[in-house]
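Remarks on the structure that follows.
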Amino acid sequence: MPALEWQVGTVTAIHPETPKTKSLFVALPAWTGHRPGQHIDLRLTAPDGYQTQRSYSIASPPELAKQLELTVDLIPDGEVSPYLHDVVMQGDQLELRGPVGGYFVWDVTVGGPLLLVGGGSGVVPLMAMLRHRAAQHSTIPARLLYSARTPDDVIYRDELDQLARAGGGLEVLFTFTRQAPAGWTGYRRRIDAAMMNEVVKPLANGARTYVCGPTLLVESVANLLVGMGLPAERVHTERFGPTGS
Amino acid sequence: MDLETADMNTALMVDGNAIAGELEQIFGHDMTMAVARCAGCASDSKMATLMAFVRGPGVVLRCPSCQSVIARIVETPTATYLDARGMVYLRMAQTS
C-alpha cells in the first residue's frame, strides 16, 4: 500500500489576492493529481529540527497538472501562515503531502445541481470545484453563496465575475457582513434562514451541497440546510476553525 | 450544536477532514469516508464529519450527535497511539 509521502515542491509564483490572502503556486514534479475539494498537509521544519504542519485546501483544478495553487489566509499570530506570507519567495522549496480527503470532493461525475456556500477563505476548495467545472465546460447548474466581511476581503473576485458572466449556468451571490460596496443592493448580513431559502430555491431540493468556512458559519448553514429538508448525506461540510482575526 | 452557547472550544473545533492526512498515515488509505459507530449513542458518522479538536498535544475526535469521545490520536517522536475505545466499529468500503 503506497504510504502518503512528503514531497518537495518549488514556489513558482506568488499572487496577492486580498490584503490578508496570498496564492502560492507550487510546482510538484511527482504530483499524481487530485480531486476538487481535496487539501494538502504542509510541513515546516526549523533549523533546530522543530516541525509543525497545517492543512491547506487546493485552489487549483486537477486540470492544472504538476502544479498546485494554495491560497493562504494570514493568521496574524499564527505559526505557519505568517511564514508563508512574509518569508517565502519565488524559488523557495516547500514540503507537503497529499492529496488528502475524499469526503469534501466534487467533480462533474458527481453531478448536480451544485450549491456551494463559502465563508472567508472557505471559498478556496469551492474555487477548485468551479475551476474544474469550467475547465470541463460543464453546464451543471451551480450557485455560489460567498460570505465576506467587506468587498476587499473577496478572494478571486475578478475570476468569479468572469465565470459567472460566461453564462454556463453558474450564479455567484455575495453577502457582506461588515461593509458592502456603495450602492450595493445584494445581501449585507450573516447567512440566515431567509437568505438560504432564496439561494436554494432555484435549485432542485436534491442539490449537492458543499459548505466550507469558519466553524460557526458551517455549523449554522448546515443546520439551516438540513432544517430546510435537504438530505443530510448531500450536505458536505468542512470546518476551518476560528476566523482569521 | 447550540450556537447560542458556542464557546471558544467550539470556534476552535474543526472536523475529520482536517486530520485526513494523519488518518491516511495510520491506515494507509483515505479514511474520511469510513463510518464510525459511536459507542455512546450508536449513531454512524463518516470520519470527515466527526468533531475534531486538534489544538492540544494530540487529536480528540468526538461524535457529532452526542459529543462522546470516539477516538484520540497522539504522536510521539517514536510512535503513534490510537485510542479508539469510543467506537463500536469502523466500517470501510472495500477498495478494488
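Just so we're on the same page: first chain in the C-alpha cells is A, next is B, and so on; residues restart at 1 for each chain, and ligands are numbered from 1 in the order they show up.
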
Could you produce a table of the residues of chain A lying within 6 Å of chain B, with the nearest pair of atoms per residue and their separation in Å rounded to one decimal, using only C-alpha atoms, ordered by chain and increasing residue number, as CSV?
residue,atom,partner,partner_atom,distance
A:Ala3,CA,B:Gly28,CA,5.9
A:Val100,CA,B:Gly21,CA,5.7
A:Gly101,CA,B:Ala20,CA,5.3
A:Gly102,CA,B:Thr32,CA,6.0
A:Tyr103,CA,B:Met33,CA,5.7
A:Thr215,CA,B:Ala11,CA,5.8
A:Arg239,CA,B:Val14,CA,5.0
A:Phe240,CA,B:Val14,CA,5.8
A:Gly241,CA,B:Leu12,CA,4.7
A:Pro242,CA,B:Ala11,CA,5.1

* **Test item: residues at most 9 Å from segment 75-85 of chain B, only C-alpha atoms, excluding those fewer than 3 positions along its chain, as a VMD selection string** => chain B and resid 26 39 57 to 58 69 to 72 88 to 89

With N, CA, C and O atoms retained, export the selected residues as a PDB file, in the first residue's frame.
ATOM      1  N   ILE B  26      -1.902   6.517   9.220  1.00  0.00           N
ATOM      2  CA  ILE B  26      -2.094   5.376  10.109  1.00  0.00           C
ATOM      3  C   ILE B  26      -2.669   4.178   9.354  1.00  0.00           C
ATOM      4  O   ILE B  26      -2.205   3.042   9.508  1.00  0.00           O
ATOM      5  N   ALA B  39     -19.784   4.494  20.367  1.00  0.00           N
ATOM      6  CA  ALA B  39     -20.082   3.591  21.475  1.00  0.00           C
ATOM      7  C   ALA B  39     -21.028   4.235  22.478  1.00  0.00           C
ATOM      8  O   ALA B  39     -21.634   3.553  23.302  1.00  0.00           O
ATOM      9  N   PRO B  57      -2.085  18.501  22.695  1.00  0.00           N
ATOM     10  CA  PRO B  57      -0.925  17.666  22.388  1.00  0.00           C
ATOM     11  C   PRO B  57      -1.274  16.504  21.469  1.00  0.00           C
ATOM     12  O   PRO B  57      -0.409  15.937  20.815  1.00  0.00           O
ATOM     13  N   GLY B  58      -2.554  16.149  21.422  1.00  0.00           N
ATOM     14  CA  GLY B  58      -2.999  15.110  20.495  1.00  0.00           C
ATOM     15  C   GLY B  58      -4.285  15.565  19.849  1.00  0.00           C
ATOM     16  O   GLY B  58      -4.694  16.714  19.978  1.00  0.00           O
ATOM     17  N   VAL B  69     -16.408  11.091  23.288  1.00  0.00           N
ATOM     18  CA  VAL B  69     -15.103  10.908  22.654  1.00  0.00           C
ATOM     19  C   VAL B  69     -15.124   9.600  21.866  1.00  0.00           C
ATOM     20  O   VAL B  69     -15.435   8.540  22.402  1.00  0.00           O
ATOM     21  N   ILE B  70     -14.830   9.683  20.573  1.00  0.00           N
ATOM     22  CA  ILE B  70     -14.805   8.494  19.708  1.00  0.00           C
ATOM     23  C   ILE B  70     -13.390   7.938  19.623  1.00  0.00           C
ATOM     24  O   ILE B  70     -13.174   6.735  19.655  1.00  0.00           O
ATOM     25  N   ALA B  71     -12.426   8.834  19.498  1.00  0.00           N
ATOM     26  CA  ALA B  71     -11.044   8.382  19.351  1.00  0.00           C
ATOM     27  C   ALA B  71     -10.086   9.490  19.756  1.00  0.00           C
ATOM     28  O   ALA B  71     -10.451  10.669  19.748  1.00  0.00           O
ATOM     29  N   ARG B  72      -8.890   9.064  20.143  1.00  0.00           N
ATOM     30  CA  ARG B  72      -7.816  10.008  20.432  1.00  0.00           C
ATOM     31  C   ARG B  72      -6.573   9.530  19.708  1.00  0.00           C
ATOM     32  O   ARG B  72      -6.309   8.332  19.644  1.00  0.00           O
ATOM     33  N   VAL B  88     -17.766   1.604  18.376  1.00  0.00           N
ATOM     34  CA  VAL B  88     -18.116   0.186  18.364  1.00  0.00           C
ATOM     35  C   VAL B  88     -17.369  -0.493  17.223  1.00  0.00           C
ATOM     36  O   VAL B  88     -16.820  -1.580  17.376  1.00  0.00           O
ATOM     37  N   TYR B  89     -17.397   0.175  16.079  1.00  0.00           N
ATOM     38  CA  TYR B  89     -16.650  -0.341  14.934  1.00  0.00           C
ATOM     39  C   TYR B  89     -16.399   0.779  13.940  1.00  0.00           C
ATOM     40  O   TYR B  89     -16.951   1.875  14.056  1.00  0.00           O
TER      41      TYR B  89
END

* Distance query Arg234 of chain A at most 8 Å, only C-alpha atoms, self and fewer than 6 positions along chain excluded, as an MDAnalysis selection string -> chainID A and resid 206:209

Give me a file of those residues, with C-alpha atoms, as a CSV table (one decimal), in the first residue's frame.
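Dumped everything to result-v5.csv:
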chain,number,residue,atom,x,y,z
A,206,GLY,CA,-31.5,17.5,-4.1
A,207,ALA,CA,-28.7,19.9,-4.7
A,208,ARG,CA,-25.2,18.6,-3.9
A,209,THR,CA,-24.1,21.0,-1.3

* Asked: Which residues come within 8 Å of Glu17 of chain A, counting only C-alpha atoms, excluding same-chain residues fewer than 4 positions away, as a list of chain:residue names?
  -> A:Thr21, A:Lys22, A:Ser23, A:Ile155, A:Tyr156

* To do: Give me, please, the distance in Å between atom CA of Ile58 of chain A and atom CA of Leu203 of chain A, quoted to one decimal.
  =>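 Taking atom CA of Ile58 of chain A and atom CA of Leu203 of chain A, their separation equals 26.4 Å.
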
* Within 6 Å of segment 119-132 of chain A using only C-alpha atoms, minus same-chain residues under 2 positions, as an NGL selection string -> :A and (36-37 or 57-61 or 134-135 or 146-148 or 212-213)

* **Atom pair atom CA of Lys201 of chain A / atom CA of Gly111 of chain A: separation (Å)** => 18.0 Å

* Non-local contacts of Phe176 of chain A (8 Å; only C-alpha atoms; under 4 positions in same chain excluded) as a count of residues only -> 10
